[in-house]
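*Asks:* Next up, entry-v2.pdb (PDB, C-alpha atoms).
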ATOM      1  CA  MET A   1     115.050 113.790  91.679
ATOM      2  CA  PRO A   2     114.707 117.405  90.534
ATOM      3  CA  LEU A   3     111.719 117.628  88.209
ATOM      4  CA  SER A   4     110.557 120.781  86.466
ATOM      5  CA  SER A   5     107.140 121.301  88.060
ATOM      6  CA  PRO A   6     105.802 118.145  89.724
ATOM      7  CA  PRO A   7     103.611 117.873  92.799
ATOM      8  CA  LEU A   8     106.709 116.803  94.770
ATOM      9  CA  HIS A   9     108.246 120.197  94.034
ATOM     10  CA  ASN A  10     105.173 121.905  95.394
ATOM     11  CA  LEU A  11     104.995 119.575  98.375
ATOM     12  CA  SER A  12     108.247 120.915  99.791
ATOM     13  CA  SER A  13     107.625 124.516  98.810
ATOM     14  CA  LEU A  14     104.189 124.528 100.457
ATOM     15  CA  ILE A  15     105.941 124.311 103.817
ATOM     16  CA  SER A  16     106.876 127.662 105.296
ATOM     17  CA  SER A  17     109.735 128.249 107.696
ATOM     18  CA  HIS A  18     107.279 127.574 110.507
ATOM     19  CA  GLY A  19     106.044 124.317 109.019
ATOM     20  CA  ILE A  20     102.683 125.759 107.990
ATOM     21  CA  ALA A  21     101.288 125.610 104.461
ATOM     22  CA  THR A  22     101.373 128.939 102.660
ATOM     23  CA  ALA A  23      98.437 128.199 100.389
ATOM     24  CA  THR A  24      94.953 129.509 101.115
ATOM     25  CA  SER A  25      92.075 127.178 101.932
ATOM     26  CA  ARG A  26      90.019 125.593  99.192
ATOM     27  CA  THR A  27      87.555 127.926  97.489
ATOM     28  CA  PRO A  28      84.352 126.887  95.673
ATOM     29  CA  THR A  29      85.453 128.268  92.279
ATOM     30  CA  ARG A  30      86.056 125.897  89.364
ATOM     31  CA  ARG A  31      89.395 127.412  88.482
ATOM     32  CA  TYR A  32      91.566 127.103  91.548
ATOM     33  CA  LEU A  33      94.333 129.638  92.049
ATOM     34  CA  ALA A  34      97.399 127.834  93.378
ATOM     35  CA  VAL A  35      99.740 130.231  95.156
ATOM     36  CA  HIS A  36     102.782 128.556  96.659
ATOM     37  CA  ALA A  37     106.059 129.749  98.090
ATOM     38  CA  ALA A  38     109.302 128.825  96.364
ATOM     39  CA  ALA A  39     111.986 128.342  98.976
ATOM     40  CA  SER A  40     115.416 129.960  98.699
ATOM     41  CA  ASP A  41     118.269 130.762 101.036
ATOM     42  CA  THR A  42     117.385 134.429 101.459
ATOM     43  CA  THR A  43     113.948 135.296 100.132
ATOM     44  CA  THR A  44     110.604 133.688  99.453
ATOM     45  CA  SER A  45     109.097 134.463  96.067
ATOM     46  CA  LEU A  46     105.534 133.671  95.020
ATOM     47  CA  LYS A  47     104.693 131.565  91.988
ATOM     48  CA  VAL A  48     101.138 131.605  90.694
ATOM     49  CA  SER A  49      99.630 128.891  88.536
ATOM     50  CA  THR A  50      96.088 127.857  87.683
ATOM     51  CA  PHE A  51      94.642 124.407  87.118
ATOM     52  CA  GLU A  52      91.044 123.785  86.209
ATOM     53  CA  GLU A  53      88.752 121.694  88.378
ATOM     54  CA  GLY A  54      85.923 119.686  86.869
ATOM     55  CA  ASN A  55      82.227 120.215  87.497
ATOM     56  CA  LEU A  56      81.858 117.088  89.648
ATOM     57  CA  VAL A  57      82.932 116.248  93.192
ATOM     58  CA  ARG A  58      84.606 113.098  91.826
ATOM     59  CA  PRO A  59      84.780 111.221  88.497
ATOM     60  CA  LYS A  60      81.501 109.572  87.463
ATOM     61  CA  TRP A  61      83.347 106.282  86.974
ATOM     62  CA  THR A  62      83.992 105.954  90.732
ATOM     63  CA  GLY A  63      81.785 105.000  93.674
ATOM     64  CA  GLU A  64      78.372 103.349  93.223
ATOM     65  CA  THR A  65      77.303 104.977  89.970
ATOM     66  CA  PRO A  66      75.920 102.723  87.184
ATOM     67  CA  LEU A  67      79.070 103.353  85.146
ATOM     68  CA  SER A  68      81.305 102.414  88.053
ATOM     69  CA  ARG A  69      79.365  99.195  88.699
ATOM     70  CA  LEU A  70      79.640  98.274  85.008
ATOM     71  CA  VAL A  71      83.414  98.790  85.049
ATOM     72  CA  ARG A  72      83.747  96.656  88.207
ATOM     73  CA  ALA A  73      81.733  93.883  86.579
ATOM     74  CA  LEU A  74      83.992  93.947  83.515
ATOM     75  CA  ILE A  75      87.133  93.855  85.661
ATOM     76  CA  SER A  76      85.823  90.903  87.698
ATOM     77  CA  PHE A  77      85.668  88.767  84.538
ATOM     78  CA  LYS A  78      89.087  87.100  84.711
ATOM     79  CA  PRO A  79      89.824  86.644  80.974
ATOM     80  CA  LEU A  80      88.943  90.280  80.323
ATOM     81  CA  TYR A  81      90.906  91.386  83.398
ATOM     82  CA  SER A  82      94.039  89.746  81.999
ATOM     83  CA  ILE A  83      93.642  91.675  78.759
ATOM     84  CA  LEU A  84      92.996  94.922  80.635
ATOM     85  CA  LYS A  85      96.039  94.347  82.808
ATOM     86  CA  LEU A  86      98.235  93.873  79.750
ATOM     87  CA  GLY A  87      96.722  96.938  78.092
ATOM     88  CA  ALA A  88      97.211  99.062  81.185
ATOM     89  CA  ARG A  89     100.841  98.006  81.412
ATOM     90  CA  GLN A  90     101.468  98.994  77.811
ATOM     91  CA  VAL A  91      99.846 102.386  78.460
ATOM     92  CA  PHE A  92     102.098 102.953  81.492
ATOM     93  CA  ILE A  93     105.261 102.170  79.544
ATOM     94  CA  SER A  94     104.365 104.005  76.337
ATOM     95  CA  THR A  95     103.247 107.121  78.252
ATOM     96  CA  ALA A  96     106.547 107.226  80.126
ATOM     97  CA  GLU A  97     108.685 106.738  77.048
ATOM     98  CA  LYS A  98     106.740 109.374  75.092
ATOM     99  CA  ASN A  99     107.746 111.744  77.893
ATOM    100  CA  ASN A 100     111.425 110.783  77.480
ATOM    101  CA  ILE A 101     111.484 108.560  80.545
ATOM    102  CA  PRO A 102     113.456 105.438  79.525
ATOM    103  CA  TRP A 103     111.210 102.952  81.337
ATOM    104  CA  ARG A 104     112.730  99.757  79.899
ATOM    105  CA  GLU A 105     116.297 100.988  80.276
ATOM    106  CA  MET A 106     115.772 102.075  83.885
ATOM    107  CA  THR A 107     114.118  98.739  84.699
ATOM    108  CA  LYS A 108     116.906  96.722  83.101
ATOM    109  CA  GLU A 109     119.541  98.681  85.033
ATOM    110  CA  ILE A 110     117.964  97.687  88.354
ATOM    111  CA  LEU A 111     117.177  94.070  87.481
ATOM    112  CA  GLU A 112     120.734  93.452  86.240
ATOM    113  CA  SER A 113     122.383  95.138  89.237
ATOM    114  CA  ASP A 114     123.388  93.722  92.613
ATOM    115  CA  VAL A 115     120.290  95.215  94.279
ATOM    116  CA  TYR A 116     119.186  91.783  95.489
ATOM    117  CA  LYS A 117     121.773  91.711  98.264
ATOM    118  CA  GLU A 118     120.071  94.702  99.921
ATOM    119  CA  LEU A 119     116.957  92.687 100.787
ATOM    120  CA  ASP A 120     118.365  90.879 103.825
ATOM    121  CA  SER A 121     119.437  94.116 105.509
ATOM    122  CA  ILE A 122     116.091  95.824 104.764
ATOM    123  CA  GLN A 123     113.414  93.174 105.237
ATOM    124  CA  ASN A 124     111.625  92.779 108.554
ATOM    125  CA  LYS A 125     110.644  89.124 108.317
ATOM    126  CA  SER A 126     108.333  89.382 111.326
ATOM    127  CA  LEU A 127     106.209  92.084 109.675
ATOM    128  CA  LEU A 128     102.616  91.038 108.998
ATOM    129  CA  TYR A 129     101.270  92.577 105.793
ATOM    130  CA  PRO A 130      97.706  93.992 105.930
ATOM    131  CA  ASP A 131      95.280  92.147 103.666
ATOM    132  CA  TYR A 132      94.752  95.047 101.262
ATOM    133  CA  TYR A 133      98.494  95.199 100.545
ATOM    134  CA  LEU A 134      98.453  91.671  99.135
ATOM    135  CA  ASN A 135      96.110  92.686  96.300
ATOM    136  CA  PRO A 136      97.376  92.942  92.713
ATOM    137  CA  PHE A 137      98.456  96.516  91.985
ATOM    138  CA  HIS A 138      99.515  98.286  88.791
ATOM    139  CA  ALA A 139      99.246  95.146  86.656
ATOM    140  CA  TYR A 140     101.534  93.143  88.972
ATOM    141  CA  ASP A 141      99.893  89.959  90.287
ATOM    142  CA  GLU A 142     102.009  90.153  93.450
ATOM    143  CA  GLY A 143     101.485  93.881  93.840
ATOM    144  CA  ASN A 144     104.405  95.714  95.368
ATOM    145  CA  LEU A 145     106.011  92.544  96.722
ATOM    146  CA  THR A 146     108.019  91.772  93.602
ATOM    147  CA  TRP A 147     111.347  92.819  92.101
ATOM    148  CA  LEU A 148     109.757  93.860  88.794
ATOM    149  CA  ALA A 149     107.443  96.347  90.508
ATOM    150  CA  ALA A 150     110.391  97.706  92.473
ATOM    151  CA  ALA A 151     112.558  97.994  89.370
ATOM    152  CA  GLU A 152     109.858  99.912  87.492
ATOM    153  CA  ALA A 153     108.703 102.148  90.352
ATOM    154  CA  GLU A 154     110.987 105.118  89.694
ATOM    155  CA  ALA A 155     110.040 105.332  86.013
ATOM    156  CA  ALA A 156     106.359 105.006  86.965
ATOM    157  CA  THR A 157     106.666 107.783  89.542
ATOM    158  CA  LYS A 158     108.381 110.157  87.135
ATOM    159  CA  SER A 159     105.795 109.482  84.442
ATOM    160  CA  MET A 160     102.998 110.853  86.687
ATOM    161  CA  HIS A 161     104.393 114.352  86.565
ATOM    162  CA  SER A 162     103.566 116.381  83.864
ATOM    163  CA  GLN A 163     113.412 128.998 102.333
ATOM    164  CA  THR A 164     115.581 127.670 104.453
ATOM    165  CA  SER A 165     113.603 125.481 106.814
ATOM    166  CA  THR A 166     113.578 124.714 110.484
ATOM    167  CA  ILE A 167     112.461 121.164 109.734
ATOM    168  CA  ASP A 168     114.811 118.700 111.437
ATOM    169  CA  ASP A 169     113.137 115.301 111.013
ATOM    170  CA  ILE A 170     111.100 114.085 108.028
ATOM    171  CA  LEU A 171     109.211 110.816 107.603
ATOM    172  CA  ASP A 172     108.220 109.716 104.096
ATOM    173  CA  ILE A 173     105.442 107.116 104.512
ATOM    174  CA  GLY A 174     105.003 104.822 101.524
ATOM    175  CA  CYS A 175     108.331 105.993 100.112
ATOM    176  CA  SER A 176     108.429 103.264  97.421
ATOM    177  CA  VAL A 177     111.923 103.248  95.841
ATOM    178  CA  GLY A 178     112.867 106.528  97.503
ATOM    179  CA  VAL A 179     112.127 109.045  94.743
ATOM    180  CA  SER A 180     110.207 111.347  97.085
ATOM    181  CA  SER A 181     112.599 110.688  99.995
ATOM    182  CA  ARG A 182     115.623 111.729  97.938
ATOM    183  CA  TYR A 183     113.834 114.840  96.733
ATOM    184  CA  LEU A 184     112.938 115.827 100.287
ATOM    185  CA  ALA A 185     116.538 115.225 101.383
ATOM    186  CA  GLU A 186     117.721 117.557  98.617
ATOM    187  CA  LYS A 187     115.201 120.275  99.475
ATOM    188  CA  PHE A 188     115.898 120.031 103.214
ATOM    189  CA  PRO A 189     119.624 119.116 103.367
ATOM    190  CA  SER A 190     119.938 119.767 107.090
ATOM    191  CA  ALA A 191     117.029 117.453 107.950
ATOM    192  CA  LYS A 192     117.184 113.767 108.785
ATOM    193  CA  VAL A 193     114.939 111.926 106.316
ATOM    194  CA  THR A 194     113.439 108.492 106.959
ATOM    195  CA  GLY A 195     111.781 106.510 104.172
ATOM    196  CA  LEU A 196     109.238 103.884 105.276
ATOM    197  CA  ASP A 197     107.486 101.316 103.107
ATOM    198  CA  LEU A 198     105.726  97.940 103.281
ATOM    199  CA  SER A 199     107.680  96.496 100.345
ATOM    200  CA  PRO A 200     111.212  95.289 101.153
ATOM    201  CA  TYR A 201     111.839  95.058  97.402
ATOM    202  CA  PHE A 202     111.099  98.752  96.901
ATOM    203  CA  LEU A 203     113.255  99.614  99.916
ATOM    204  CA  SER A 204     116.104  97.491  98.586
ATOM    205  CA  VAL A 205     116.070  99.512  95.370
ATOM    206  CA  ALA A 206     115.916 102.735  97.423
ATOM    207  CA  GLN A 207     118.920 101.728  99.504
ATOM    208  CA  HIS A 208     120.799 100.509  96.409
ATOM    209  CA  LYS A 209     120.310 103.869  94.665
ATOM    210  CA  GLU A 210     121.151 105.894  97.757
ATOM    211  CA  LYS A 211     124.448 104.053  98.233
ATOM    212  CA  ARG A 212     125.416 104.903  94.661
ATOM    213  CA  GLY A 213     124.280 108.514  94.789
ATOM    214  CA  THR A 214     125.740 111.693  96.193
ATOM    215  CA  THR A 215     127.080 111.379  99.719
ATOM    216  CA  ARG A 216     124.851 113.254 102.158
ATOM    217  CA  LYS A 217     125.585 114.862 105.470
ATOM    218  CA  ASN A 218     122.515 112.992 106.772
ATOM    219  CA  PRO A 219     122.068 109.695 104.883
ATOM    220  CA  ILE A 220     118.458 108.649 104.375
ATOM    221  CA  LYS A 221     117.328 105.898 106.729
ATOM    222  CA  TRP A 222     115.104 103.150 105.295
ATOM    223  CA  ILE A 223     112.559 101.270 107.428
ATOM    224  CA  HIS A 224     110.449  98.230 106.472
ATOM    225  CA  ALA A 225     107.222  98.796 108.391
ATOM    226  CA  ASN A 226     103.481  99.396 108.139
ATOM    227  CA  GLY A 227     102.486 103.060 107.852
ATOM    228  CA  GLU A 228      99.392 102.339 109.947
ATOM    229  CA  ASP A 229     101.522 101.263 112.902
ATOM    230  CA  THR A 230     105.137 102.312 112.373
ATOM    231  CA  GLY A 231     106.455 101.506 115.832
ATOM    232  CA  LEU A 232     108.330 104.842 115.795
ATOM    233  CA  PRO A 233     108.322 107.197 118.810
ATOM    234  CA  SER A 234     105.502 109.715 119.205
ATOM    235  CA  LYS A 235     106.201 113.383 118.448
ATOM    236  CA  SER A 236     109.458 112.585 116.666
ATOM    237  CA  PHE A 237     108.982 114.305 113.275
ATOM    238  CA  ASP A 238     108.436 117.845 112.002
ATOM    239  CA  LEU A 239     107.121 116.776 108.584
ATOM    240  CA  VAL A 240     105.357 113.610 107.461
ATOM    241  CA  SER A 241     105.123 113.209 103.692
ATOM    242  CA  ILE A 242     102.714 110.814 101.966
ATOM    243  CA  ALA A 243     103.039 110.891  98.171
ATOM    244  CA  TYR A 244     100.862 108.791  95.840
ATOM    245  CA  VAL A 245      99.935 106.314  98.580
ATOM    246  CA  PHE A 246      96.290 106.795  99.553
ATOM    247  CA  HIS A 247      94.768 105.912  96.173
ATOM    248  CA  GLU A 248      96.192 102.431  96.778
ATOM    249  CA  CYS A 249      94.573 102.058 100.210
ATOM    250  CA  PRO A 250      91.115 101.156 101.487
ATOM    251  CA  ASN A 251      89.425 103.791 103.616
ATOM    252  CA  ARG A 252      90.299 102.062 106.886
ATOM    253  CA  ALA A 253      93.999 102.190 106.034
ATOM    254  CA  ILE A 254      93.809 105.870 105.033
ATOM    255  CA  VAL A 255      92.214 106.697 108.389
ATOM    256  CA  ASN A 256      94.824 104.679 110.291
ATOM    257  CA  VAL A 257      97.783 106.226 108.449
ATOM    258  CA  VAL A 258      96.456 109.744 109.070
ATOM    259  CA  LYS A 259      96.051 108.956 112.791
ATOM    260  CA  GLU A 260      99.565 107.526 112.894
ATOM    261  CA  ALA A 261     100.966 110.630 111.191
ATOM    262  CA  PHE A 262      99.266 112.804 113.810
ATOM    263  CA  ARG A 263     100.839 110.705 116.575
ATOM    264  CA  LEU A 264     104.299 110.950 115.026
ATOM    265  CA  LEU A 265     104.302 114.711 114.441
ATOM    266  CA  ARG A 266     105.534 117.208 116.988
ATOM    267  CA  PRO A 267     103.233 120.107 117.978
ATOM    268  CA  GLY A 268     103.154 122.477 115.006
ATOM    269  CA  GLY A 269     104.368 119.717 112.689
ATOM    270  CA  THR A 270     103.024 119.358 109.152
ATOM    271  CA  LEU A 271     101.462 116.511 107.205
ATOM    272  CA  ALA A 272     101.881 116.928 103.434
ATOM    273  CA  MET A 273      99.978 114.595 101.112
ATOM    274  CA  THR A 274     100.044 114.464  97.312
ATOM    275  CA  ASP A 275      97.752 112.194  95.290
ATOM    276  CA  ASN A 276      95.129 112.025  92.548
ATOM    277  CA  SER A 277      92.557 114.812  92.748
ATOM    278  CA  PRO A 278      88.903 113.720  92.611
ATOM    279  CA  LYS A 279      88.118 117.235  91.330
ATOM    280  CA  SER A 280      90.630 117.068  88.482
ATOM    281  CA  LYS A 281      88.949 118.039  85.225
ATOM    282  CA  VAL A 282      91.426 115.820  83.364
ATOM    283  CA  LEU A 283      90.535 112.747  85.443
ATOM    284  CA  GLN A 284      86.807 113.450  85.300
ATOM    285  CA  GLU A 285      86.978 113.560  81.504
ATOM    286  CA  LEU A 286      89.064 110.418  80.957
ATOM    287  CA  SER A 287      87.868 108.246  78.087
ATOM    288  CA  PRO A 288      86.041 104.988  78.981
ATOM    289  CA  VAL A 289      89.035 102.962  77.791
ATOM    290  CA  LEU A 290      91.499 104.830  80.004
ATOM    291  CA  PHE A 291      89.413 104.881  83.186
ATOM    292  CA  THR A 292      88.603 101.180  82.769
ATOM    293  CA  LEU A 293      92.306 100.404  82.398
ATOM    294  CA  MET A 294      93.061 102.561  85.442
ATOM    295  CA  LYS A 295      90.463 100.880  87.642
ATOM    296  CA  SER A 296      91.653  97.432  86.554
ATOM    297  CA  THR A 297      95.041  98.090  88.191
ATOM    298  CA  GLU A 298      93.884 100.094  91.234
ATOM    299  CA  PRO A 299      91.638  97.926  93.458
ATOM    300  CA  PHE A 300      90.913 100.665  96.013
ATOM    301  CA  LEU A 301      90.445 103.649  93.728
ATOM    302  CA  ASP A 302      86.720 103.956  94.510
ATOM    303  CA  GLU A 303      87.345 103.971  98.260
ATOM    304  CA  TYR A 304      89.958 106.694  97.857
ATOM    305  CA  TYR A 305      87.692 108.918  95.761
ATOM    306  CA  LEU A 306      84.827 108.438  98.228
ATOM    307  CA  THR A 307      87.003 109.387 101.213
ATOM    308  CA  ASP A 308      86.535 112.935 102.501
ATOM    309  CA  MET A 309      90.173 113.749 103.182
ATOM    310  CA  ASP A 310      89.486 117.080 104.870
ATOM    311  CA  GLU A 311      87.105 115.419 107.320
ATOM    312  CA  THR A 312      89.516 112.520 107.872
ATOM    313  CA  LEU A 313      92.262 115.005 108.772
ATOM    314  CA  ARG A 314      89.972 116.985 111.066
ATOM    315  CA  GLU A 315      88.805 113.872 112.903
ATOM    316  CA  ALA A 316      92.426 112.915 113.530
ATOM    317  CA  GLY A 317      93.009 116.311 115.158
ATOM    318  CA  PHE A 318      94.715 118.269 112.376
ATOM    319  CA  VAL A 319      94.114 121.988 111.849
ATOM    320  CA  ASN A 320      95.030 124.535 109.143
ATOM    321  CA  ILE A 321      93.949 122.107 106.429
ATOM    322  CA  THR A 322      94.704 123.404 102.933
ATOM    323  CA  SER A 323      94.196 121.851  99.519
ATOM    324  CA  ILE A 324      95.345 122.963  96.070
ATOM    325  CA  LEU A 325      95.684 121.440  92.628
ATOM    326  CA  THR A 326      99.421 121.283  92.039
ATOM    327  CA  ASP A 327      99.092 120.047  88.470
ATOM    328  CA  PRO A 328      96.083 119.133  86.290
ATOM    329  CA  ARG A 329      95.756 115.660  87.851
ATOM    330  CA  HIS A 330      97.042 115.935  91.411
ATOM    331  CA  VAL A 331      96.163 117.639  94.647
ATOM    332  CA  THR A 332      98.425 118.510  97.550
ATOM    333  CA  LEU A 333      96.920 118.715 101.015
ATOM    334  CA  THR A 334      98.741 120.089 104.040
ATOM    335  CA  ALA A 335      97.623 120.109 107.657
ATOM    336  CA  THR A 336      99.265 120.859 110.978
ATOM    337  CA  VAL A 337      99.220 119.477 114.489
ATOM    338  CA  PRO A 338      98.056 122.129 117.000
ATOM    339  CA  GLN A 339     100.807 123.786 119.031
TER
END
Would it be possible to restate this file's structure as structure tokens?

*Replies:*
Amino acid sequence: MPLSSPPLHNLSSLISSHGIATATSRTPTRRYLAVHAAASDTTTSLKVSTFEEGNLVRPKWTGETPLSRLVRALISFKPLYSILKLGARQVFISTAEKNNIPWREMTKEILESDVYKELDSIQNKSLLYPDYYLNPFHAYDEGNLTWLAAAEAEAATKSMHSQTSTIDDILDIGCSVGVSSRYLAEKFPSAKVTGLDLSPYFLSVAQHKEKRGTTRKNPIKWIHANGEDTGLPSKSFDLVSIAYVFHECPNRAIVNVVKEAFRLLRPGGTLAMTDNSPKSKVLQELSPVLFTLMKSTEPFLDEYYLTDMDETLREAGFVNITSILTDPRHVTLTATVPQ
């Protein structure tokens, strides 16, 4: 999934040949200077880009502010929620198609394919889903546990975007339909990439697409499991990637996933996380209509924005924590396990 300048591009290029982020730590200035290394076979060049932070720590429509409480009250009114859900869905689709992402065409291709036969080989029927995962997400009543959500996930992911490595093993937690996993496999062709997700429908689409894609030296492995308790061996990965996952999780799940990532990483290993930035000027200045639509489809958005990610990473034992805006809406955090 090569995209021109998405956070996923920066996620891989923020990792140096030693698995340590090349960006400097967060500074208190409003305009954050993002300096990241672009990997190549022989040299490492520096690309410099600037994205403006807002004046607030987080958007005023999150947390326990009067505006946030008003929005929650509106969303809790079921008839209005149904209208908001429909409106949000139309915004998702129209935004994608305005950016030349053929949402409907991509969805139809998956739904009319033979993807359904992948489910039996992917699904772990003994897996118990955490309660938060059973909430409606993204205007889907059944959240991520539905074929429609899985069929639309790649288009939705793409619509959010505006050096040779010593990494051998990569885990992509919350891999969805494998967009980020495939990108990581392309950027680190010698590494073994594992994509892990709670939705067997998303994983079925991931496996379906991988089987029909370019043959890899190391095929991506797909695992149906809970990112809070993966069941995978300790110290078995050099890089754990978590892209666009935490804004869909309550605080307790964020803490548990971070702890699990620490357990899974080898000494010196890197955690790389990309998600919405609470300090994004663009997000802080969203119109009331847009942030109400957004909150109507994201039940844990407030908890995410109220979570101190740096402190959460430190409490889990991570060091070398860095944070940069990698586009006007998103932040990439990297942290390492002590040697």

*Asks:* Could you list, as number ranges by chain, every residue within 8 Å of stretch 98-110 of chain A, counting all atoms listed in the file and ignoring same-chain residues fewer than 5 positions away?

*Replies:* A: 93, 115, 148, 151-152, 155-156, 158-159, 205

*Asks:* Quick one: apply the PyMOL selection byres ((chain A and resi 143) around 12) to the file and drop the selected residues here as a PyMOL selection string.

*Replies:* chain A and resi 131-142+144-150+153+198-199+201-202+248+297-299

*Asks:* Between A:Val91, A:Leu70, A:Leu196, A:Ala272, which one has atoms that come closest to A:Asn226, using all atoms listed in the file?

*Replies:*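 Closest to A:Asn226, using all atoms listed in the file: A:Leu196.
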
*Asks:* Which is closest to A:Lys125 among A:Ala185, A:Ile83, A:Ala225, A:Ile75, if we use all atoms listed in the file?

*Replies:*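 Closest candidate: A:Ala225.
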
*Asks:* So how many Å separate atom CA of A:Thr336 and atom CA of A:Phe318, to one decimal?

*Replies:*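 Going from atom CA of A:Thr336 over to atom CA of A:Phe318, I get 5.4 Å.
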
*Asks:* Separation of atom CA of A:Asp238 and atom CA of A:Asp275, in Å?

*Replies:*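 Computing the Euclidean distance for atom CA of A:Asp238 and atom CA of A:Asp275 yields 20.6 Å.
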
*Asks:* Between A:Arg89, A:Lys78, A:Arg212, A:Lys217, which has the minimum distance to A:Glu186 (counting all atoms listed in the file)?

*Replies:*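 When distances to A:Glu186 are compared using all atoms listed in the file, the smallest one comes from A:Lys217.
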
*Asks:* From the options A:Pro219, A:Pro189, A:Pro328, A:Pro338, which residue's atoms come nearest to A:Thr270, counting all atoms listed in the file?

*Replies:*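 Answer, going by the shortest atom-to-atom distance: A:Pro338.
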
*Asks:* Run the PyMOL selection byres ((chain A and resi 124) around 9) against the file shown and list the residues it catches, as a ChimeraX atom specification.

*Replies:* /A:120-123,125-127,200,223-225

*Asks:* Pick out the closest residue to A:Phe237 from this set: A:Ser180, A:Asn55, A:Met294, A:Asp169. Count all atoms listed in the file.

*Replies:*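 Using all atoms listed in the file, A:Phe237 sits closest to A:Asp169.
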
*Asks:* Set the distance at 10 Å and use only C-alpha atoms: which residues neighbour A:Ala316 once local chain neighbours fewer than 2 positions away are removed? I'd like the list as a VMD selection string.

*Replies:* chain A and resid 255 to 263 311 to 314 318 to 319 337
